[in-house]
Amino acid sequence: MLGSPLPRLLPVLALVSCEPPDARIAPAPDEPVPEVPTADLLWTDHAPDDPRLQFIGRMDTRTREGPMYAFPGGTVRLRCLCTGVDVRFEDLGVGGEAHTNFIDILVDGESRGALRLQPGASLLQGVRGLPRGEHTIELVKRTEAHAGGVRFQGIRIQGVLLEPPPRPSRRMEFIGDSITCGYGNEASIAAPTYTEPNTGYHARNQDILKAFGPLTARRLGAEWVTTCVSGRGVYRSNDGSRDGVLPLIYGRTLPGQAEPRWEPSRYVPEVIVINLGTNDFAVSDGAGLPTAPPAEPFKQAYAAFVRELRATYPEARIVCAVGPMTNDNYPAQRQLWTTLRRYVSDMVSSVRAGGDTRVHTFAFTPIAGDPYGEDWHPTAAFHARMADELVPFLQGLGD
């Protein structure tokens with residue numbers, strides 16, 4: 001839900017360990033595999049524009065230095081006959097706990113840990129000592145745009161770079177706020193009270209691979225992208241402003257820059273899941289308590305965004321989800337979760353009445369107790385529960 005600035009609510013965090021995600025990579029196509037000499041494999045350098053490298057997500061590819069990207073989940077994928085891989089990245093963040101990027105390394109679908117990036121161009125040790133043979137490597141930006149952008153500048157391989165693996169035929173997009181970004185999901189905090197301070201955002205405590213969107217997509221065998229920015233709403237953001245809402249950012253390649261615009265034909269999803277509204281309901285009143293936005297302006301703004309998506313992706317299923325951070329218990333008697341759910345349901349009903357029957361509504365179960373991630377966000381375990389709820393719903397929609 002909440003990005004910067006954040007309400008002061010939480011205590012000091014406790015970290016949890018990283019567990020390997022359950023991603024599985026599609027099998028490689030049938031093709032001749034180069035013979036490998038019996039001697040030690042040689043290290044070879046490969047530029048970022050090597051056609052055997054595969055890129056997933058919104059990336060600015062206008063410069064020769066390499067693609068630049070900021071949304072979480074941006075991925076470089078490659079296939080190699082190799083025993084080791086090193087990577088070159090430039091961290092465009094300003095450093096510190098909140099503005100340092102991390103890259104997850106997956107080998108054949110299994111996590112091999114995360115790389116902490118550094119300012120400037122750096123050659124970083126990726127993985128070593130792999131069994132001699134064919135491997136699929138994925139380099140995934142685990143941190144959101146708040147941490148800053150990154151630039152991929154190439155790889156070194158101990159072995160032979162092969163043609164990339166086939167991409168899954170099904171594609172999904174998850175649009176939203178910090179919940180979709182996996183904000184603070186690697187933290188685990190016991191029952192905070194509403195008078196305790198925030199933890200604030202710590203980049204090391206975020207892992208997009210453990211957010212509900214990627215978890216859902218991997219269970220369905222789909223490729224995925226996450227187009228999300230913390231703190232943003234569909235009508236108003238959590239600071240009450242309306243000039244930076246997600247629908248205004250959606251057309252960008254980089255969320256913080258108006259140019260270049262994203263070319264939608266580069267990634268056409270079959271299913272789009274929108275999780276917005278939590279920040280619209282987080283704007284404080286004079287007493288410092290969250291309030292609901294005006295009903296009709298909220299519904300109109302949301303419907304306009306759905307119609308924009310429909311014009312861009314005529315065949316996609318669009319699911320408008322109600323997130324788990326809003327609830328009916330706080331503030332007392334304001335029934336914010338019920339109100340948000342009614343707003344979204346009314347909006348979807350009006351769109352469907354207009355003839356678009358491929359738009360749907362869905363509500364996650366609200367968080368009802370500890371532990372929490374940073375700043376009251378879902379933990380990795382709760383994100384897994386969210387995927388447990390969303391997967392059968394999507395399966396029930398059919399094609």
# chains A, B, ... in the order shown; residues from 1 in each chain; ligands from 1
call {"tool": "residues_around", "arguments": {"residues": "range 341-357 of chain A", "least_positions_apart": "6", "cutoff": "7 Å", "atoms": "only C-alpha atoms", "output": "list in words"}}
result
Ala295, Lys299, Ala303 and Val322 of chain A
call {"tool": "write_last_selection", "arguments": {"atoms": "N, CA and C atoms", "output": "compact mmCIF listing (two decimals), in the first residue's frame"}}
result
# COMPACT_ATOMS: atom_id res chain seq x y z
N ALA A 295 -16.94 8.84 -3.66
CA ALA A 295 -17.31 7.63 -4.39
C ALA A 295 -17.26 7.81 -5.90
N LYS A 299 -14.74 6.00 -8.68
CA LYS A 299 -15.25 5.03 -9.66
C LYS A 299 -14.99 5.50 -11.09
N ALA A 303 -12.76 3.43 -13.70
CA ALA A 303 -13.38 2.97 -14.95
C ALA A 303 -12.63 3.50 -16.16
N VAL A 322 -9.31 -6.16 -4.79
CA VAL A 322 -9.29 -5.37 -3.55
C VAL A 322 -8.22 -5.98 -2.66
call {"tool": "residues_around", "arguments": {"residues": "range 91-100 of chain A", "least_positions_apart": "4", "cutoff": "8 Å", "atoms": "only C-alpha atoms", "output": "PDB file with N, CA and C atoms, in the first residue's frame"}}
result
ATOM      1  N   ARG A 116      23.880  -7.524  -4.159  1.00  0.00           N
ATOM      2  CA  ARG A 116      23.709  -6.119  -3.778  1.00  0.00           C
ATOM      3  C   ARG A 116      24.509  -5.282  -4.770  1.00  0.00           C
ATOM      4  N   LEU A 117      23.834  -4.427  -5.520  1.00  0.00           N
ATOM      5  CA  LEU A 117      24.516  -3.643  -6.542  1.00  0.00           C
ATOM      6  C   LEU A 117      25.262  -2.471  -5.928  1.00  0.00           C
ATOM      7  N   GLN A 118      26.130  -1.868  -6.750  1.00  0.00           N
ATOM      8  CA  GLN A 118      26.954  -0.756  -6.313  1.00  0.00           C
ATOM      9  C   GLN A 118      26.847   0.374  -7.327  1.00  0.00           C
ATOM     10  N   PRO A 119      27.012   1.619  -6.876  1.00  0.00           N
ATOM     11  CA  PRO A 119      27.000   2.730  -7.832  1.00  0.00           C
ATOM     12  C   PRO A 119      28.119   2.560  -8.853  1.00  0.00           C
ATOM     13  N   GLY A 120      27.851   3.001 -10.072  1.00  0.00           N
ATOM     14  CA  GLY A 120      28.838   2.850 -11.134  1.00  0.00           C
ATOM     15  C   GLY A 120      28.792   1.456 -11.726  1.00  0.00           C
ATOM     16  N   ALA A 121      29.523   1.266 -12.806  1.00  0.00           N
ATOM     17  CA  ALA A 121      29.545  -0.032 -13.481  1.00  0.00           C
ATOM     18  C   ALA A 121      30.418  -0.997 -12.694  1.00  0.00           C
ATOM     19  N   HIS A 146      11.450   2.772  -6.148  1.00  0.00           N
ATOM     20  CA  HIS A 146      11.880   3.646  -5.066  1.00  0.00           C
ATOM     21  C   HIS A 146      13.364   3.455  -4.758  1.00  0.00           C
ATOM     22  N   ALA A 147      13.878   2.248  -4.970  1.00  0.00           N
ATOM     23  CA  ALA A 147      15.301   1.988  -4.741  1.00  0.00           C
ATOM     24  C   ALA A 147      16.168   2.584  -5.834  1.00  0.00           C
ATOM     25  N   GLY A 148      15.571   2.896  -6.985  1.00  0.00           N
ATOM     26  CA  GLY A 148      16.315   3.455  -8.102  1.00  0.00           C
ATOM     27  C   GLY A 148      16.311   2.529  -9.300  1.00  0.00           C
ATOM     28  N   GLY A 149      16.814   3.025 -10.397  1.00  0.00           N
ATOM     29  CA  GLY A 149      16.922   2.220 -11.602  1.00  0.00           C
ATOM     30  C   GLY A 149      18.230   1.442 -11.631  1.00  0.00           C
ATOM     31  N   VAL A 150      18.333   0.536 -12.581  1.00  0.00           N
ATOM     32  CA  VAL A 150      19.570  -0.217 -12.809  1.00  0.00           C
ATOM     33  C   VAL A 150      19.842  -0.227 -14.304  1.00  0.00           C
ATOM     34  N   ARG A 151      21.098  -0.452 -14.641  1.00  0.00           N
ATOM     35  CA  ARG A 151      21.474  -0.635 -16.044  1.00  0.00           C
ATOM     36  C   ARG A 151      22.258  -1.941 -16.172  1.00  0.00           C
ATOM     37  N   TYR A 201      11.139   2.025   4.594  1.00  0.00           N
ATOM     38  CA  TYR A 201      11.459   1.097   3.509  1.00  0.00           C
ATOM     39  C   TYR A 201      12.922   0.718   3.555  1.00  0.00           C
ATOM     40  N   HIS A 202      13.196  -0.576   3.547  1.00  0.00           N
ATOM     41  CA  HIS A 202      14.553  -1.114   3.457  1.00  0.00           C
ATOM     42  C   HIS A 202      14.602  -2.017   2.226  1.00  0.00           C
ATOM     43  N   ALA A 203      15.422  -1.652   1.264  1.00  0.00           N
ATOM     44  CA  ALA A 203      15.448  -2.383  -0.007  1.00  0.00           C
ATOM     45  C   ALA A 203      15.783  -3.858   0.190  1.00  0.00           C
ATOM     46  N   ARG A 204      16.607  -4.160   1.171  1.00  0.00           N
ATOM     47  CA  ARG A 204      17.017  -5.558   1.368  1.00  0.00           C
ATOM     48  C   ARG A 204      15.849  -6.442   1.791  1.00  0.00           C
TER      49      ARG A 204
END
call {"tool": "select_by_dssp", "arguments": {"residues": "range 192-353 of chain A", "states": "helix (DSSP H, G or I)", "output": "ChimeraX atom specification"}}
result
/A:203-205,208-210,212-219,246-249,264-266,295-312,336-353
call {"tool": "residues_around", "arguments": {"residues": "Gly233 in chain A", "least_positions_apart": "5", "cutoff": "6 Å", "atoms": "only C-alpha atoms", "output": "short mmCIF file (atom, residue, chain, number, x, y, z; two decimals) with C-alpha atoms, in the first residue's frame"}}
result
data_model
loop_
_atom_site.label_atom_id
_atom_site.label_comp_id
_atom_site.auth_asym_id
_atom_site.auth_seq_id
_atom_site.Cartn_x
_atom_site.Cartn_y
_atom_site.Cartn_z
CA VAL A 245 -1.57 8.36 -9.67
CA LEU A 246 -0.80 5.04 -11.29
CA LEU A 276 -5.31 -0.39 -6.63
CA GLY A 277 -7.42 1.54 -4.13
CA ASN A 279 -3.72 4.21 -1.06
CA ASP A 280 -6.88 6.06 -2.12
#
call {"tool": "atom_distance", "arguments": {"atom1": "CA of Gly396 in chain A", "atom2": "CA of Arg167 in chain A"}}
result
24.1 Å
call {"tool": "closest_residue", "arguments": {"among": "A:Ile249, A:Cys181, A:Ile157, A:Cys320", "to": "Ala211 in chain A", "atoms": "only C-alpha atoms"}}
result
A:Cys181
call {"tool": "select_by_dssp", "arguments": {"residues": "range 86-269 of chain A", "states": "strand (DSSP E or B)", "output": "ChimeraX atom specification"}}
result
/A:86-91,102-107,110-116,119-127,134-141,150-161,171-176,187,189,223-228,252,261
